[in-house]
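To start, the structure itself, in structure tokens.
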Protein chains: 2
Amino acid sequence: MRTPQRVSAATFADGIAEMSEAVGSDWVFTSDPDVDTYRDFYSVLWDEPEERVASAAVAPKTVEEVQAVVRACNQRRIPLYPLSTGRNLGYGGSAPVYSGSVVLDLKRMDRVIEVSEGNASCLVEPGVSYFDMYRHLQESGSKLWIDVPDPGWGSMVGNALDSGGGYTAAPYRGHWEAVCGIEAVLADGEVFRTGMGALPGAETWQQYRMGVGPCLDGLFRQSSLGVVTKMGFWLFPQPEAYLSCSIELPHFEDIEPLVELFNELEYGNIFNGMPSISSPVMTRENPLMFAEIPEPEEMNRLVEETGLAAWRGSMVFYGPEKVIRAQWDYVQERFRAQFDSPVFKENQFVKLPLSPADMATIQKNRFGIPSLEIFAVGSRGFGDFNPSDGHIWFSAIIPRTGKGYVEANRVMRRACAEREIPLFMFSPAVTCWTRSFVLFAAVPVYKDKERNTALRENVLEVIKLCAEHGWGEYRCPPAFQDAVMDAYSFNDNILRRVNERIKDALDPNGILSAGRYGVWPKHLREGRAG
Amino acid sequence: MRTPQRVSAATFADGIAEMSEAVGSDWVFTSDPDVDTYRDFYSVLWDEPEERVASAAVAPKTVEEVQAVVRACNQRRIPLYPLSTGRNLGYGGSAPVYSGSVVLDLKRMDRVIEVSEGNASCLVEPGVSYFDMYRHLQESGSKLWIDVPDPGWGSMVGNALDSGGGYTAAPYRGHWEAVCGIEAVLADGEVFRTGMGALPGAETWQQYRMGVGPCLDGLFRQSSLGVVTKMGFWLFPQPEAYLSCSIELPHFEDIEPLVELFNELEYGNIFNGMPSISSPVMTRENPLMFAEIPEPEEMNRLVEETGLAAWRGSMVFYGPEKVIRAQWDYVQERFRAQFDSPVFKENQFVKLPLSPADMATIQKNRFGIPSLEIFAVGSRGFGDFNPSDGHIWFSAIIPRTGKGYVEANRVMRRACAEREIPLFMFSPAVTCWTRSFVLFAAVPVYKDKERNTALRENVLEVIKLCAEHGWGEYRCPPAFQDAVMDAYSFNDNILRRVNERIKDALDPNGILSAGRYGVWPKHLREGRAG
């Protein structure tokens with residue numbers, strides 16, 4: 001049996017015995033083959049001594065069992081790392097941040113506690129996957145949509161806690177933004193509820209987030225302060241129709257007004273689906289791999305030479321047919337008034353509910369349907385016959401401006417070229433959230449120590465380079481969480497210092513998710529640098 | 001000179017001297033007439049020994065001065081109560097929750113730091129009023145709207161921190177929900193920034209709320225954890241047109257499907273302005289004073305007798321003319337398909353920008369224009385020739401269902417009738433926030449101890465009665481904050497216990513806003529019951 005650092009074998013055995021009593025010995029895993037299933041198969045530290053690995057795993061079925069496990073660990077200072085279903089691939093998978101932690105696997109807590117058609121909301125346990133919820137809604141004849149990430153096998157709760165995003169309407173596609181109401185077991189085993197959940201008998205837990213006094217939901221995002229055992233979500237009532245459109249523009253100089261007009265239209269509720277901006281001319285060799293954006297004259301020359309547009313702005317409308325057609329008309333009017341020869345395209349119009357024939361032509365994630373189709377993209381690359389063993393995501397928040405868009409492309413392209421960092425996919429900017437761009441890049445990982453060593457150094461350099469430009473990652477694999485939190489350095493890293501003061505107050509023994517996103521408990525803080 | 005409890009006169013004099021040095025003696029107020037301007041003129045404890053009054057006031061101009069004041073107080077354990085402009089009338093005005101606190105008046109910090117047209121956002125100091133911001137936008141030719149509460153003389157920051165609401169589109173009309181980025185001075189004088197504000201050089205502080213790790217903005221809502229010195233807001237791009245409409249329905253039984261259809265339409269983004277539901281037949285004697293909703297047969301009989309509708313659902317559309325007309329068409333279609341003889345009314349259509357003639361006919365708050373017009377309503381009543389001296393608000397979150405709407409009306413009406421609580425205004429449910437109803441009642445307050453004693457007892461009983469029904473206040477005057485927080489009693493009041501653990505961690509001397517929303521520092525916790 002493996003043993004966590006700083007815990008004696010006897011104490012650990014005693015803790016495991018108590019956990020087994022609480023959840024049943026079938027649901028406590030200590031053998032190497034069992035525990036190895038919790039390795040991060042995309043780890044950039046694969047098979048190195050520093051790889052973050054679990055000492056054991058325990059899978060409770062109820063809140064009471066979670067409380068018993070947490071108490072058993074708190075009493076003995078056994079580090080515990082909760083996860084919902086462990087599908088956070090590219091951002092750490094199912095491995096703990098602090099090596100030797102016991103993984104608290106919540107996949108057996110898979111109850112859909114409530115779906116309210118009238119309020120368009122649900123309350124679920126952490127083991128409920130997008131597939132589970134989709135099936136539940138289909139079987140009950142619900143008219144509500146979930147919003148799904150790629151791929152759809154993960155946990156709704158886990159994805160929201162990690163601030164994942166999807167593809168339908170705002171605010172639903174920002175998964176953390178659609179959360180309403182959290183229950184969490186704290187480090188001392190007490191059950192805590194946010195917002196109206198703190199008021200016994202309230203029917204408004206999934207209606208009003210804030211309750212009275214400070215609004216504490218945010219404490220549980222990407223955090224180490226509790227084990228989330230229930231979470232409420234707002235759901236999107238199925239629209240009558242779907243329309244995806246795009247606008248192509250011919251000049252480099254169009255990027256700034258294009259972004260500004262998109263902003264105005266989205267913030268003014270003229271469209272509610274996800275906007276994205278790409279460049280036909282800069283992706284002519286590979287549709288998902290942006291080349292470095294050249295100087296204006298050169299880009300305009302390439303446009304002339306190839307006949308491809310400089311920019312393509314895409315947007316999606318969800319709603320009644322007559323409304324979304326009027327919205328698209330208005331969008332075209334505005335573009336015509338402001339731009340030189342915009343080219344408009346209606347890419348797809350679909351009436352809901354979907355027919356079996358529609359299923360073959362749609363992008364499922366735009367319709368809240370989970371799948372594993374997109375999974376192939378990230379892990380295998382396009383036309384790459386030497387596939388990698390996995391990938392990590394590099395995900396930075398960049399300004400939602402034309403300038404931000406162009407600069408992020410250039411800086412990242414050059415940085416990766418200099419360092420020979422290959423990228424599978426590189427979209428300079430998408431907008432899962434309503435107000436910012438996020439630059440996503442999938443970086444291939446191989447089960448090769450030498451390549452991984454170079455990759456880690458390179459990624460650390462790119463994190464620093466981005467910080468110098470004012471761009472911060474909103475999410476990253478465990479190996480980079482300290483470096484990313486370091487970059488949020490205003491006033492001598494007061495963000496982390498405040499997080500750690502709260503950590504000490506709510507988890508004085510420092511047992512929960514030690515090190516997650518750079519927040520360490522007191523007794524491990526010194527080791528942070530390593 | 002008054003002295004705070006538990007602080008010696010010498011220590012206090014010393015603290016005042018240090019504060020005077022920091023901000024200039026012109027901006028430190030200790031004389032009775034000066035300090036009395038900070039009384040809550042609507043206090044339900046007026047002139048009683050328990051009235052919450054300040055010992056002094058200090059008005060810094062800069063963040064550095066705030067830091068110096070906070071440090072001077074922290075060193076000497078002088079209680080400090082920050083307020084932005086102190087216009088929180090009906091919810092406590094400019095008086096502290098803990099009597100004897102020094103009011104930290106931030107009205108001189110009145111800089112509009114930034115307005116971004118492209119991102120439709122702003123960054124402001126706490127002294128910026130709605131009038132200030134409106135003028136700033138008008139003078140700079142901006143096309144952005146703010147969202148204003150009634151009346152508009154208060155602070156944008158203060159109103160958002162108190163979770164105030166307004167009347168334009170979602171999410172802008174939920175003032176806390178439109179916040180993006182906070183700077184606060186903590187109890188030890190350190191400056192803290194949330195989200196992307198923690199990343200030096202980031203241009204995305206007003207674009208992405210969450211940053212990395214736990215999302216800590218919520219800590220500052222209705223709280224005692226910091227002095228907010230900067231706050232970002234998302235603003236609404238001026239729409240092309242405005243259309244307000246209503247639908248009248250004839251049967252008591254229509255209420256449940258009416259609320260459900262409104263929910264579906266709003267959550268599906270078919271309309272974005274504020275919905276409200278009233279009852280022509282139950283408000284026939286006074287348009288803002290709902291009578292108790294009777295049994296179905298009686299209500300249906302009254303409808304027949306008076307010719308007035310049972311229910312009126314109102315909604316507002318903001319957007320391009322062709323879009324909002326299509327939206328309204330669709331709404332009518334849906335109502336026709338589902339209800340027996342709905343009556344549709346277009347109340348007002350306005351093209352933007354407003355003409356001088358429009359100004360005479362519009363409800364200014366629907367157009368983001370601050371005014372003091374509505375002020376008269378709350379303080380003076382309708383046709384009441386014995387006006388009160390003020391009012392308090394009673395503001396409970398109730399379920400957004402037909403059943404919740406009817407029950408809240410009946411319970412509140414009976415409770416107030418039994419206790420002879422007069423109400424100025426009583427709207428059973430409006431929806432400043434996107435997912436819940438809030439029941440608002442303005443209760444008159446007189447400068448009369450006997451009446452106030454009875455009023456306090458009655459309000460405490462109504463708070464308990466509401467809690468028994470699962471309804472919680474989201475905001476209330478200081479005299480009731482302990483009782484309201486008491487009602488959020490899940491798991492032995494763990495919401496308050498967690499808040500107090502965080503309070504102790506971030507403000508160990510307990511100097512900031514002691515007692516706000518029932519959260520007391522350690523040394524004052526025992527006195528809570530009183």
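Here's how to read the names in the structure tokens: chain A, B, ... by the order shown, residue numbers from 1 in each chain, ligand numbers from 1 in the order shown.
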
Got a sec: who's within 8 Å of region 504-513 of chain A, counting only C-alpha atoms, leaving out chain neighbours fewer than 2 positions off, as number ranges by chain? A: 73-74, 77-82, 96-98, 101, 186-188, 223-226, 500-502, 515-516, 520-523; B: 498, 501-502, 505

Would you mind telling me which residue in B:Gly472, B:Pro275, B:Gly527, B:Pro353 lies nearest to chain A when using only C-alpha atoms?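 Looking at the shortest contact to chain A, the residue is B:Gly472.
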
Run DSSP on the backbone and give me the residues of region 184-242 of chain B it puts in strand (DSSP E), as a PyMOL selection string. chain B and resi 184-185+191-193+227-234+236-237+241-242

Within 12 Å of Leu258 (chain B), counting only C-alpha atoms, which residues qualify if same-chain residues fewer than 5 places away don't, as an mmCIF file with C-alpha atoms, in the first residue's frame?
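Just written: part.cif:
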data_model
loop_
_atom_site.group_PDB
_atom_site.id
_atom_site.type_symbol
_atom_site.label_atom_id
_atom_site.label_comp_id
_atom_site.auth_asym_id
_atom_site.auth_seq_id
_atom_site.Cartn_x
_atom_site.Cartn_y
_atom_site.Cartn_z
ATOM 1 C CA GLY A 118 -40.983 25.840 -15.100
ATOM 2 C CA SER B 246 -48.685 43.797 -21.812
ATOM 3 C CA ILE B 247 -51.000 40.848 -21.950
ATOM 4 C CA GLU B 248 -54.186 40.672 -19.918
ATOM 5 C CA LEU B 249 -55.704 37.357 -18.899
ATOM 6 C CA PRO B 250 -59.172 36.714 -17.455
ATOM 7 C CA HIS B 251 -58.916 33.719 -15.091
ATOM 8 C CA PHE B 252 -57.369 33.153 -11.689
ATOM 9 C CA GLU B 253 -56.093 29.837 -13.092
ATOM 10 C CA ASN B 263 -39.952 32.227 -17.721
ATOM 11 C CA GLU B 264 -39.482 30.303 -20.950
ATOM 12 C CA LEU B 265 -39.531 33.502 -23.029
ATOM 13 C CA PRO B 275 -41.028 41.432 -16.860
ATOM 14 C CA SER B 276 -43.612 42.102 -14.198
ATOM 15 C CA ILE B 277 -46.948 40.623 -13.305
ATOM 16 C CA SER B 278 -49.795 42.518 -11.691
ATOM 17 C CA ALA B 310 -57.321 38.931 -13.439
ATOM 18 C CA TRP B 311 -53.685 39.271 -14.462
ATOM 19 C CA ARG B 312 -51.532 41.590 -16.466
ATOM 20 C CA GLY B 313 -48.124 40.398 -17.597
ATOM 21 C CA SER B 314 -45.869 43.229 -18.790
ATOM 22 C CA VAL B 331 -44.994 36.359 -27.783
ATOM 23 C CA ARG B 334 -47.520 31.810 -27.986
ATOM 24 C CA PHE B 335 -50.137 33.410 -25.736
ATOM 25 C CA ARG B 336 -52.887 32.951 -28.333
ATOM 26 C CA GLN B 338 -52.147 28.661 -24.939
ATOM 27 C CA PHE B 339 -54.700 31.033 -23.348
ATOM 28 C CA ASP B 340 -58.361 31.784 -23.598
ATOM 29 C CA PRO B 342 -55.681 37.120 -24.061
ATOM 30 C CA ARG B 400 -40.918 32.443 -9.561
ATOM 31 C CA THR B 401 -44.102 30.392 -9.949
ATOM 32 C CA GLY B 402 -47.807 31.222 -9.978
ATOM 33 C CA LYS B 403 -48.206 29.443 -6.662
ATOM 34 C CA TYR B 405 -46.827 34.648 -6.367
#

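With CA of Gly390 (chain B) on one side and CA of Val519 (chain B) on the other, the separation reads 26.5 Å.
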
As a list in words, please: every residue in region 319-355 of chain A that a backbone DSSP assignment puts in alpha helix (DSSP H). Glu321, Lys322, Val323, Ile324, Arg325, Ala326, Gln327, Trp328, Asp329, Tyr330, Val331, Gln332, Glu333, Arg334, Phe335, Arg336, Ala337 and Gln338 of chain A

Can you tell me, as a list in words, what residues are no more than 9 Å from Asp32 (chain A) when counting only C-alpha atoms, ignoring any on the same chain fewer than 4 positions away?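 The neighbour list is Met1, Arg2, Asp36, Thr37, Ser55 and Ala56 of chain A.
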
List the spatial neighbours of Pro422 (chain A) as a list in words - criterion: any atom at most 9 Å away, only C-alpha atoms, same-chain residues fewer than 6 positions off excluded.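 After dropping sequence-adjacent residues, the list is Cys416, Ala442, Val443 and Pro444 of chain A.
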
What does the file look like for those residues with C-alpha atoms, as an mmCIF file, in the first residue's frame?
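Contents of out_20.cif, as written:
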data_model
loop_
_atom_site.group_PDB
_atom_site.id
_atom_site.type_symbol
_atom_site.label_atom_id
_atom_site.label_comp_id
_atom_site.auth_asym_id
_atom_site.auth_seq_id
_atom_site.Cartn_x
_atom_site.Cartn_y
_atom_site.Cartn_z
ATOM 1 C CA CYS A 416 5.907 28.456 -30.352
ATOM 2 C CA ALA A 442 -3.711 22.181 -27.622
ATOM 3 C CA VAL A 443 -0.106 21.157 -27.127
ATOM 4 C CA PRO A 444 0.820 17.527 -27.818
#

Kindly give the distance, in Å, that separates CA of Gly213 (chain B) and CA of Gly165 (chain A), rounded to a single decimal.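 CA of Gly213 (chain B) sits 16.0 Å away from CA of Gly165 (chain A).
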
Contact residues around region 266-274 of chain B with only C-alpha atoms at 10 Å, ignoring same-chain residues under 4 positions, as a count of residues only: 57

If we count only C-alpha atoms, what is near Ser155 (chain B) at a cut-off of 8 Å, once residues fewer than 3 positions away on the same chain are taken out, given as an MDAnalysis selection string? chainID B and resid 84:85 87 126:130 158:159

What does the structure give for the distance between CA of Arg451 (chain B) and CA of Tyr474 (chain B), in Å to one decimal?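 Here the two named atoms are 25.1 Å from each other.
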
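Counting only C-alpha atoms, the residue from A:Leu354, A:Cys180, A:Ile293, A:Ala417 that sits nearest to chain B is A:Cys180.
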
Just checking: using only C-alpha atoms, which residue out of B:Gly201, B:Pro280, B:Gly100, B:Gly141 ends up closest to chain A? B:Gly201

Between A:Ser427, A:Ile421, A:Met289, A:Thr283, which is the closest to Ala454 (chain A) once you count only C-alpha atoms?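 Selected residue with least distance to Ala454 (chain A): A:Ile421.
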
My list of candidates is B:Val411, B:Val179, B:Val157, B:Val103. Which is closest to chain A when distances are computed with only C-alpha atoms?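 With only C-alpha atoms as the atom set, the closest residue is B:Val179.
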